[in-house]
>>> print(open('coords17.txt').read())   # compact mmCIF, C-alpha atoms
# COMPACT_ATOMS: atom_id res chain seq x y z
CA MET A 1 145.84 0.99 141.30
CA SER A 2 144.97 4.39 139.86
CA ARG A 3 141.95 5.30 137.79
CA ILE A 4 141.15 7.68 134.99
CA THR A 5 138.98 10.20 136.80
CA GLY A 6 138.22 12.75 134.11
CA LEU A 7 138.05 13.44 130.40
CA ARG A 8 137.83 17.12 129.54
CA VAL A 9 137.54 18.32 125.96
CA ARG A 10 137.73 21.89 124.66
CA ASP A 11 137.07 23.64 121.37
CA VAL A 12 140.27 25.65 120.82
CA ARG A 13 140.57 27.88 117.75
CA PHE A 14 143.24 30.28 116.53
CA PRO A 15 142.26 33.09 114.10
CA THR A 16 144.89 32.29 111.48
CA SER A 17 142.53 33.31 108.66
CA ARG A 18 143.14 36.96 109.55
CA GLU A 19 146.68 36.77 108.13
CA HIS A 20 145.94 34.06 105.52
CA ASP A 21 148.21 31.62 107.37
CA GLY A 22 147.37 28.10 106.20
CA SER A 23 145.54 29.24 103.06
CA ASP A 24 145.40 26.99 100.03
CA ALA A 25 143.27 26.35 96.94
CA MET A 26 140.58 24.44 98.81
CA ASN A 27 140.82 26.16 102.20
CA PRO A 28 141.26 29.91 101.63
CA ALA A 29 140.46 31.07 105.17
CA PRO A 30 141.37 28.44 107.78
CA ASP A 31 141.31 29.06 111.51
CA TYR A 32 143.75 26.49 112.86
CA SER A 33 141.89 24.64 115.60
CA ALA A 34 142.09 21.71 117.98
CA ALA A 35 139.48 19.57 119.65
CA TYR A 36 141.67 19.19 122.71
CA VAL A 37 141.34 16.42 125.30
CA GLU A 38 142.81 16.09 128.80
CA LEU A 39 142.77 12.81 130.73
CA SER A 40 143.27 13.08 134.48
CA THR A 41 143.84 10.38 137.09
CA ASP A 42 143.65 10.07 140.87
CA GLU A 43 147.42 9.61 141.08
CA PRO A 44 149.25 12.15 143.27
CA ASP A 45 151.85 12.74 140.51
CA GLY A 46 149.34 15.02 138.80
CA HIS A 47 150.20 13.91 135.27
CA VAL A 48 147.55 14.74 132.69
CA GLY A 49 147.42 12.99 129.33
CA THR A 50 146.74 15.32 126.42
CA GLY A 51 145.76 14.82 122.81
CA PHE A 52 143.86 16.62 120.09
CA VAL A 53 142.36 16.46 116.64
CA PHE A 54 143.44 19.20 114.25
CA THR A 55 140.68 20.99 112.32
CA ILE A 56 140.48 24.37 110.58
CA GLY A 57 137.59 26.02 112.43
CA ARG A 58 133.91 25.40 111.75
CA GLY A 59 133.01 21.85 112.69
CA ASN A 60 135.52 21.71 115.53
CA GLU A 61 132.52 21.48 117.86
CA VAL A 62 131.47 18.26 116.09
CA GLN A 63 134.90 16.75 116.75
CA GLU A 64 134.67 17.93 120.36
CA ALA A 65 131.35 16.12 120.77
CA ALA A 66 132.82 12.92 119.29
CA ILE A 67 135.67 12.95 121.80
CA ALA A 68 133.23 13.61 124.65
CA ALA A 69 131.23 10.55 123.54
CA LEU A 70 134.23 8.40 124.54
CA ARG A 71 134.12 9.53 128.16
CA GLU A 72 132.39 6.37 129.43
CA HIS A 73 134.99 4.20 127.69
CA VAL A 74 137.89 5.54 129.75
CA VAL A 75 136.67 7.41 132.83
CA GLY A 76 136.63 5.05 135.79
CA SER A 77 138.98 2.60 134.09
CA ASP A 78 142.14 1.21 135.65
CA ALA A 79 144.86 3.50 134.28
CA GLU A 80 147.61 0.92 134.71
CA ALA A 81 145.66 -1.68 132.76
CA LEU A 82 144.94 0.72 129.90
CA LEU A 83 148.56 1.85 129.65
CA ALA A 84 150.12 -1.59 130.12
CA ASP A 85 148.48 -3.01 126.99
CA MET A 86 147.97 -0.18 124.54
CA GLY A 87 147.24 -2.66 121.76
CA ALA A 88 144.25 -4.02 123.66
CA THR A 89 143.19 -0.49 124.58
CA TRP A 90 143.26 0.57 120.93
CA ARG A 91 141.22 -2.45 119.87
CA ALA A 92 138.64 -1.92 122.61
CA LEU A 93 137.99 1.63 121.40
CA VAL A 94 138.19 1.05 117.64
CA HIS A 95 136.22 -2.22 117.66
CA ASP A 96 133.33 -0.97 119.81
CA SER A 97 130.51 -2.24 117.60
CA GLN A 98 128.24 0.78 117.99
CA LEU A 99 130.97 3.38 117.53
CA ARG A 100 132.38 1.38 114.62
CA TRP A 101 129.11 1.79 112.74
CA LEU A 102 129.87 5.51 112.45
CA GLY A 103 132.93 4.76 110.30
CA PRO A 104 133.87 2.04 110.19
CA GLU A 105 137.41 3.11 111.09
CA LYS A 106 137.26 6.49 109.43
CA GLY A 107 135.93 9.97 109.92
CA VAL A 108 135.14 12.05 112.97
CA MET A 109 134.71 9.14 115.37
CA HIS A 110 137.93 7.44 114.32
CA MET A 111 139.86 10.68 114.78
CA ALA A 112 138.23 11.17 118.18
CA ILE A 113 139.50 7.74 119.21
CA GLY A 114 142.94 8.81 117.97
CA ALA A 115 142.86 11.86 120.24
CA VAL A 116 142.09 9.70 123.28
CA VAL A 117 144.69 7.08 122.28
CA ASN A 118 147.30 9.82 121.85
CA ALA A 119 146.36 11.29 125.24
CA LEU A 120 146.94 7.89 126.82
CA TRP A 121 150.34 7.66 125.11
CA ASP A 122 151.17 11.13 126.41
CA LEU A 123 150.23 9.99 129.92
CA LYS A 124 152.26 6.80 129.55
CA ALA A 125 155.35 8.69 128.38
CA LYS A 126 155.05 11.27 131.17
CA ARG A 127 154.80 8.52 133.76
CA ALA A 128 157.87 6.84 132.26
CA GLY A 129 159.78 10.15 132.30
CA GLN A 130 160.55 9.83 128.59
CA PRO A 131 159.69 11.64 125.39
CA LEU A 132 157.29 9.50 123.39
CA TRP A 133 159.78 8.79 120.58
CA ALA A 134 162.27 7.36 123.07
CA LEU A 135 159.61 5.36 124.92
CA LEU A 136 158.54 3.73 121.65
CA ALA A 137 162.13 3.17 120.51
CA ASP A 138 162.90 1.37 123.79
CA MET A 139 160.04 -1.11 123.37
CA SER A 140 160.87 -4.61 122.23
CA PRO A 141 159.94 -5.73 118.71
CA GLU A 142 157.35 -8.04 120.24
CA GLU A 143 155.77 -5.20 122.23
CA LEU A 144 155.63 -2.98 119.16
CA VAL A 145 154.00 -5.63 116.99
CA ALA A 146 151.41 -6.20 119.73
CA LEU A 147 150.32 -2.56 119.33
CA VAL A 148 149.21 -3.10 115.74
CA ASP A 149 145.90 -4.42 114.46
CA PHE A 150 146.87 -6.49 111.40
CA ARG A 151 143.29 -7.10 110.35
CA TYR A 152 142.96 -6.11 106.65
CA LEU A 153 146.77 -5.83 106.33
CA THR A 154 148.03 -9.39 106.09
CA ASP A 155 147.89 -9.44 102.29
CA ALA A 156 150.55 -6.73 102.46
CA ILE A 157 152.39 -7.34 105.74
CA THR A 158 152.07 -10.06 108.37
CA PRO A 159 152.95 -9.83 112.07
CA ASP A 160 155.97 -12.07 111.43
CA GLU A 161 157.22 -9.77 108.66
CA ALA A 162 156.78 -6.74 110.91
CA LEU A 163 158.62 -8.52 113.70
CA ALA A 164 161.50 -9.31 111.36
CA LEU A 165 161.81 -5.65 110.32
CA LEU A 166 161.96 -4.51 113.92
CA ARG A 167 164.35 -7.26 115.02
CA ARG A 168 166.70 -6.43 112.16
CA ALA A 169 166.88 -2.85 113.40
CA GLN A 170 167.21 -3.65 117.10
CA PRO A 171 171.04 -3.98 117.27
CA LEU A 172 171.36 -0.60 115.52
CA ARG A 173 169.15 1.39 117.86
CA ALA A 174 171.84 2.83 120.14
CA GLU A 175 173.96 4.19 117.29
CA ARG A 176 170.91 5.49 115.47
CA LYS A 177 169.78 7.34 118.59
CA ARG A 178 173.20 8.94 118.92
CA ARG A 179 173.08 10.00 115.27
CA LEU A 180 169.60 11.49 115.68
CA GLU A 181 170.71 13.48 118.71
CA ARG A 182 173.87 14.58 116.91
CA GLU A 183 172.39 15.48 113.50
CA GLY A 184 168.70 16.13 114.11
CA TYR A 185 165.93 15.08 111.72
CA PRO A 186 165.58 16.75 108.29
CA ALA A 187 162.80 19.34 107.94
CA TYR A 188 161.22 21.17 105.05
CA THR A 189 159.12 24.29 105.37
CA THR A 190 155.70 25.30 104.05
CA THR A 191 155.86 28.66 105.82
CA PRO A 192 156.56 30.65 102.60
CA GLY A 193 153.98 28.94 100.45
CA TRP A 194 150.48 29.76 101.66
CA LEU A 195 148.28 30.74 98.75
CA GLY A 196 146.99 33.95 100.30
CA TYR A 197 150.44 35.52 100.66
CA ASP A 198 151.43 38.29 98.25
CA ASP A 199 154.54 38.08 96.07
CA ASP A 200 156.73 40.13 98.36
CA LYS A 201 155.90 37.95 101.34
CA LEU A 202 156.47 34.80 99.28
CA ALA A 203 159.90 36.00 98.18
CA ARG A 204 160.90 37.22 101.63
CA LEU A 205 159.90 33.99 103.35
CA CYS A 206 161.62 31.86 100.70
CA ARG A 207 164.81 33.84 101.23
CA GLU A 208 164.51 33.44 105.00
CA ALA A 209 163.92 29.69 104.64
CA VAL A 210 167.18 29.27 102.73
CA ASP A 211 169.03 31.43 105.27
CA GLU A 212 167.63 29.25 108.06
CA GLY A 213 169.06 26.09 106.51
CA PHE A 214 166.03 24.51 104.86
CA THR A 215 166.81 22.59 101.68
CA GLN A 216 163.18 22.23 100.62
CA VAL A 217 160.20 24.59 100.60
CA LYS A 218 156.62 23.88 99.59
CA LEU A 219 154.13 26.08 97.75
CA LYS A 220 150.37 25.73 97.66
CA VAL A 221 148.94 25.58 94.14
CA GLY A 222 145.70 24.85 92.35
CA ALA A 223 143.63 28.02 92.24
CA ASP A 224 144.93 29.52 88.98
CA VAL A 225 147.57 27.88 86.81
CA ASP A 226 149.02 31.13 85.46
CA GLU A 227 149.33 32.46 89.01
CA ASP A 228 151.03 29.22 90.04
CA VAL A 229 153.55 29.53 87.20
CA ARG A 230 154.32 33.08 88.27
CA ARG A 231 154.67 32.16 91.96
CA MET A 232 156.86 29.16 91.17
CA ARG A 233 159.09 31.38 89.04
CA ILE A 234 159.47 33.83 91.94
CA ALA A 235 160.29 31.04 94.38
CA ARG A 236 162.81 29.38 92.06
CA GLU A 237 164.58 32.68 91.35
CA VAL A 238 164.85 33.38 95.08
CA VAL A 239 165.99 29.96 96.32
CA GLY A 240 168.22 29.07 93.38
CA PRO A 241 168.65 25.72 91.61
CA ASP A 242 169.79 23.62 94.56
CA ILE A 243 166.78 24.04 96.88
CA ARG A 244 163.89 21.64 96.29
CA ILE A 245 160.41 23.09 95.72
CA ALA A 246 157.43 20.82 96.35
CA ILE A 247 153.87 21.77 95.43
CA ASP A 248 150.60 20.96 97.19
CA ALA A 249 147.22 21.06 95.41
CA ASN A 250 145.16 20.07 98.47
CA GLN A 251 142.91 17.68 96.48
CA ARG A 252 141.96 20.27 93.86
CA TRP A 253 142.12 18.41 90.55
CA ASP A 254 140.63 15.62 88.44
CA VAL A 255 143.16 13.33 86.74
CA ASP A 256 143.50 15.02 83.36
CA GLU A 257 143.46 18.46 84.94
CA ALA A 258 146.19 17.43 87.36
CA VAL A 259 148.45 16.14 84.60
CA ALA A 260 148.00 19.25 82.45
CA TRP A 261 148.57 21.59 85.42
CA ILE A 262 151.68 19.78 86.56
CA GLU A 263 153.12 19.92 83.04
CA ARG A 264 152.94 23.71 83.25
CA LEU A 265 154.97 23.59 86.47
CA ARG A 266 157.43 20.86 85.48
CA PRO A 267 160.09 23.34 84.20
CA PHE A 268 160.60 24.56 87.77
CA ASP A 269 161.98 21.15 88.89
CA VAL A 270 159.13 20.02 91.15
CA ALA A 271 160.27 17.96 94.15
CA TRP A 272 156.85 16.34 94.55
CA VAL A 273 153.17 16.94 93.85
CA GLU A 274 151.09 16.62 96.99
CA GLU A 275 147.43 15.59 97.16
CA PRO A 276 146.68 16.16 93.47
CA THR A 277 143.18 14.68 93.76
CA SER A 278 140.66 13.17 96.20
CA PRO A 279 142.45 11.52 99.13
CA ASP A 280 140.14 8.51 98.83
CA ASP A 281 140.78 7.92 95.13
CA VAL A 282 143.65 5.46 95.10
CA LEU A 283 143.31 4.68 91.40
CA ALA A 284 143.31 8.34 90.39
CA HIS A 285 146.51 8.87 92.38
CA ALA A 286 148.02 5.85 90.62
CA ALA A 287 147.04 7.20 87.20
CA ILE A 288 148.50 10.62 87.94
CA ALA A 289 151.69 9.05 89.31
CA ARG A 290 152.20 7.08 86.08
CA ARG A 291 151.53 10.05 83.83
CA ILE A 292 153.71 12.65 85.60
CA ALA A 293 156.68 10.39 86.36
CA PRO A 294 159.42 10.90 87.36
CA ILE A 295 157.88 13.71 89.46
CA PRO A 296 156.84 11.95 92.69
CA VAL A 297 153.29 11.99 94.05
CA ALA A 298 152.96 12.62 97.79
CA THR A 299 149.78 11.99 99.76
CA GLY A 300 148.40 10.68 103.03
CA GLU A 301 147.52 13.55 105.34
CA HIS A 302 143.81 12.88 104.73
CA MET A 303 143.94 9.08 104.38
CA ALA A 304 141.33 7.65 106.69
CA ASN A 305 143.17 4.63 108.01
CA ARG A 306 145.89 2.01 107.56
CA VAL A 307 143.84 0.27 104.84
CA ILE A 308 144.02 3.29 102.53
CA ALA A 309 147.75 3.49 103.25
CA LYS A 310 148.08 -0.15 102.23
CA GLN A 311 146.19 0.41 99.00
CA LEU A 312 148.20 3.50 98.06
CA ILE A 313 151.37 1.48 98.51
CA GLN A 314 150.10 -1.61 96.68
CA ALA A 315 148.86 0.44 93.72
CA GLY A 316 152.07 2.41 93.32
CA ALA A 317 149.91 5.49 93.79
CA MET A 318 152.51 7.60 95.54
CA SER A 319 156.23 7.75 96.25
CA VAL A 320 156.01 9.86 99.41
CA LEU A 321 153.67 8.81 102.20
CA GLN A 322 152.53 11.64 104.47
CA ILE A 323 151.28 10.35 107.79
CA ASP A 324 149.38 12.72 110.07
CA ALA A 325 149.43 12.52 113.86
CA THR A 326 145.69 13.12 114.28
CA ARG A 327 143.93 11.88 111.13
CA VAL A 328 144.01 8.14 111.89
CA ALA A 329 143.38 6.48 115.27
CA GLY A 330 146.53 7.60 117.01
CA VAL A 331 150.02 6.27 117.58
CA ASN A 332 149.14 2.59 117.14
CA GLU A 333 147.70 2.99 113.66
CA ASN A 334 150.55 5.22 112.56
CA ILE A 335 153.01 2.54 113.64
CA ALA A 336 151.12 0.11 111.40
CA ILE A 337 151.50 2.55 108.50
CA LEU A 338 155.21 3.03 109.20
CA LEU A 339 155.68 -0.74 109.11
CA LEU A 340 153.91 -0.95 105.76
CA ALA A 341 156.08 1.81 104.33
CA ALA A 342 159.25 0.21 105.68
CA LYS A 343 158.48 -3.15 104.07
CA TYR A 344 157.84 -1.60 100.66
CA GLY A 345 160.59 1.00 100.71
CA VAL A 346 158.26 3.99 100.58
CA ARG A 347 159.68 7.10 102.19
CA VAL A 348 157.59 8.81 104.85
CA CYS A 349 157.54 12.60 105.07
CA PRO A 350 154.81 13.50 107.58
CA HIS A 351 152.24 16.22 107.23
CA ALA A 352 152.58 18.85 109.97
CA GLY A 353 150.76 21.88 108.56
CA GLY A 354 148.52 22.64 111.50
CA VAL A 355 148.44 23.61 115.15
CA GLY A 356 150.41 21.10 117.22
CA LEU A 357 151.11 18.72 114.36
CA CYS A 358 154.84 19.49 114.30
CA GLU A 359 155.01 18.83 118.04
CA ALA A 360 153.16 15.52 117.72
CA VAL A 361 154.37 13.88 114.53
CA GLN A 362 158.09 14.37 115.18
CA HIS A 363 157.88 11.58 117.74
CA LEU A 364 156.66 9.10 115.12
CA SER A 365 159.41 9.99 112.65
CA MET A 366 162.09 9.81 115.32
CA PHE A 367 160.82 6.42 116.48
CA ASP A 368 161.10 5.26 112.87
CA ALA A 369 164.63 6.67 112.60
CA VAL A 370 165.79 4.75 115.66
CA ALA A 371 163.78 1.52 115.78
CA LEU A 372 162.67 0.83 112.21
CA THR A 373 164.24 2.27 109.04
CA GLY A 374 167.09 4.40 110.38
CA ASP A 375 166.50 6.77 107.46
CA LEU A 376 167.80 10.29 108.09
CA ASP A 377 168.77 10.91 104.48
CA THR A 378 165.65 10.67 102.29
CA ARG A 379 162.89 11.43 104.80
CA CYS A 380 161.83 14.78 106.18
CA ILE A 381 159.10 16.33 108.35
CA GLU A 382 157.04 19.33 107.31
CA PHE A 383 157.52 22.49 109.39
CA VAL A 384 155.28 25.52 109.60
CA ASP A 385 156.27 28.40 111.83
CA HIS A 386 152.87 28.97 113.42
CA LEU A 387 151.49 28.68 116.97
CA HIS A 388 154.32 26.75 118.63
CA GLU A 389 154.36 29.27 121.46
CA HIS A 390 151.11 27.79 122.76
CA PHE A 391 152.70 24.45 123.70
CA VAL A 392 154.46 23.45 126.90
CA THR A 393 157.25 21.80 124.88
CA PRO A 394 157.36 23.54 121.49
CA VAL A 395 159.38 22.01 118.69
CA ASP A 396 163.03 22.86 118.38
CA VAL A 397 163.66 23.44 114.66
CA HIS A 398 166.83 25.20 113.57
CA ASP A 399 169.44 24.78 110.85
CA GLY A 400 166.75 23.11 108.77
CA ARG A 401 166.40 20.20 111.23
CA TYR A 402 164.09 18.98 113.96
CA TRP A 403 166.03 18.37 117.15
CA PRO A 404 164.78 15.50 119.32
CA PRO A 405 162.74 16.58 122.34
CA SER A 406 163.86 15.40 125.76
CA ALA A 407 160.82 16.42 127.83
CA PRO A 408 158.57 13.56 128.96
CA GLY A 409 155.37 13.13 126.98
CA ALA A 410 154.07 13.30 123.42
CA GLY A 411 154.50 17.05 122.94
CA THR A 412 150.74 17.62 122.77
CA GLU A 413 150.18 19.62 125.96
CA MET A 414 149.06 23.21 125.48
CA LEU A 415 149.63 26.07 127.91
CA ALA A 416 146.76 26.80 130.28
CA GLY A 417 146.75 30.48 129.33
CA SER A 418 146.47 29.65 125.63
CA LEU A 419 143.61 27.27 126.27
CA ASP A 420 141.72 29.91 128.20
CA THR A 421 142.39 32.66 125.65
CA TYR A 422 141.52 30.72 122.51
CA THR A 423 138.64 28.48 123.66
CA TYR A 424 135.72 29.06 121.32
CA PRO A 425 133.40 30.96 121.55
CA ASP A 426 133.97 32.44 125.01
CA GLY A 427 137.74 32.98 125.06
CA PRO A 428 138.83 36.63 124.91
CA VAL A 429 140.17 36.39 121.36
CA TRP A 430 136.76 35.24 120.11
CA ALA A 431 134.52 37.21 122.43
CA THR A 432 135.70 40.44 120.81
CA GLU A 433 135.54 39.38 117.18
CA ALA A 434 133.50 36.84 115.24
CA PRO A 435 135.23 34.37 112.93
CA ALA A 436 135.31 35.06 109.23
CA PRO A 437 132.15 34.05 107.32
CA PRO A 438 132.29 31.01 105.05
CA VAL A 439 133.86 31.45 101.61
CA ARG A 440 131.04 29.85 99.70
CA ASP A 441 132.90 28.86 96.56
CA ALA A 442 136.04 27.65 98.34
CA ALA A 443 135.63 24.03 97.27
CA ARG A 444 134.12 24.69 93.83
CA VAL A 445 136.14 23.08 91.09
CA ALA A 446 136.62 25.49 88.23
>>> encode(input="coords17.txt", output="structure tokens")
Amino acid sequence: MSRITGLRVRDVRFPTSREHDGSDAMNPAPDYSAAYVELSTDEPDGHVGTGFVFTIGRGNEVQEAAIAALREHVVGSDAEALLADMGATWRALVHDSQLRWLGPEKGVMHMAIGAVVNALWDLKAKRAGQPLWALLADMSPEELVALVDFRYLTDAITPDEALALLRRAQPLRAERKRRLEREGYPAYTTTPGWLGYDDDKLARLCREAVDEGFTQVKLKVGADVDEDVRRMRIAREVVGPDIRIAIDANQRWDVDEAVAWIERLRPFDVAWVEEPTSPDDVLAHAAIARRIAPIPVATGEHMANRVIAKQLIQAGAMSVLQIDATRVAGVNENIAILLLAAKYGVRVCPHAGGVGLCEAVQHLSMFDAVALTGDLDTRCIEFVDHLHEHFVTPVDVHDGRYWPPSAPGAGTEMLAGSLDTYTYPDGPVWATEAPAPPVRDAARVA
């Protein structure tokens, strides 16, 4: 028997605001950051489980403290017992009555639990010698269903229905895995579209995206409608008529404002409109979806939990569901969301616009491609070309595709040198220069 002997958490921040990387209408100066957790054991193999919560700078220390508050829940525990029944482990953390009061099942504490859950999955995959996507895809339908908490979901999907979906796919897994390894997983890129980039940089990066094989790019919008029309015109002229252009408002608008704004952009053949309004407002998303059809609504990167995912699906509030690897409580809850989407035929195109999110969420999509929907034609994963060099197993994205990782683990482990350099506030990159001051009107709705 081995035990979890340590939980270490660090406040890691990258000064992306200096080049306007990640900038959008609501977040003009983000510093991509991670509240990063490492779980160690007394096993001689030396494997460390890693996970993180993505933030954009200030407040990362709050997320760090929330993860640290979980130390007594895992340190000293039997590692084999935790890893053998990850469904029970998830429930023990999420259903802790005192922690639950802080949500319930949403917010900083829920994301902290997700970081620890993901670190345990990373440890489990490393011990198995498999990448996480393959570990999950090798699990039986019964084992996968046991990972999911169906409380609050049974009016939309029952355990038996989930089991049937997974059993139907089981005979197809081997061929689907071969196809994934042969063709890769479709990607789209947000790299050209950050709102703080000037026109020349927008055009250059759009041109490079097409040359690199991407068939969809995404632009941030929502600060100024005339500017958005001009930027969309530039992008469309550069990429031509056959490349899809999605837009992302990052929660900027009320309903009527969203509809009017999108009408101004409709002539540019919008692939989807992402997060047009508050991520918690299911009915507003549904109203916008009805009024802008057939332009699809995409949302989900800020949805708090599987219940919001269920409601978005039930209300017809979006056509593209964007899971996030660190917003909900880890792998287990994202599997629940994938099952919901599979039952209702909603395509899933994950959010990955942040440090480490590409590395992490690819495993969920690839699991889905092998063991659930098999969809490599209508789904895609976001790609941003930032900060991958700080990971032990950075994503392999080329020819407009994600290529399945083969290294054991969940892809969440950062390099020791990067952790030391970018730990806030004492790492060298921060010790020499303070972060940018707050932009006080960043979230003001015009």
>>> residues_around(input="coords17.txt", residues="Leu340 (chain A)", least_positions_apart="5", cutoff="9 Å", atoms="only C-alpha atoms", output="PDB file with C-alpha atoms, keeping the file's coordinate frame")
ATOM      1  CA  LEU A 153     146.770  -5.830 106.330  1.00  0.00           C
ATOM      2  CA  ALA A 156     150.550  -6.730 102.460  1.00  0.00           C
ATOM      3  CA  ILE A 157     152.390  -7.340 105.740  1.00  0.00           C
ATOM      4  CA  ALA A 162     156.780  -6.740 110.910  1.00  0.00           C
ATOM      5  CA  ARG A 306     145.890   2.010 107.560  1.00  0.00           C
ATOM      6  CA  ALA A 309     147.750   3.490 103.250  1.00  0.00           C
ATOM      7  CA  LYS A 310     148.080  -0.150 102.230  1.00  0.00           C
ATOM      8  CA  ILE A 313     151.370   1.480  98.510  1.00  0.00           C
ATOM      9  CA  ILE A 335     153.010   2.540 113.640  1.00  0.00           C
ATOM     10  CA  GLY A 345     160.590   1.000 100.710  1.00  0.00           C
ATOM     11  CA  VAL A 346     158.260   3.990 100.580  1.00  0.00           C
TER      12      VAL A 346
END
>>> closest_residue(input="coords17.txt", among="A:Ala79, A:Leu93, A:Val239, A:Val229", to="Lys124 (chain A)", atoms="only C-alpha atoms")
A:Ala79
>>> closest_residue(input="coords17.txt", among="A:His95, A:His398, A:Arg266, A:Arg233", to="Ile295 (chain A)", atoms="all atoms listed in the file")
A:Arg266
>>> closest_residue(input="coords17.txt", among="A:Val62, A:Ile337, A:Ala203, A:Val116", to="Arg230 (chain A)", atoms="only C-alpha atoms")
A:Ala203
>>> closest_residue(input="coords17.txt", among="A:Thr41, A:Ser278, A:Met318, A:Gln98", to="Ala69 (chain A)", atoms="only C-alpha atoms")
A:Gln98
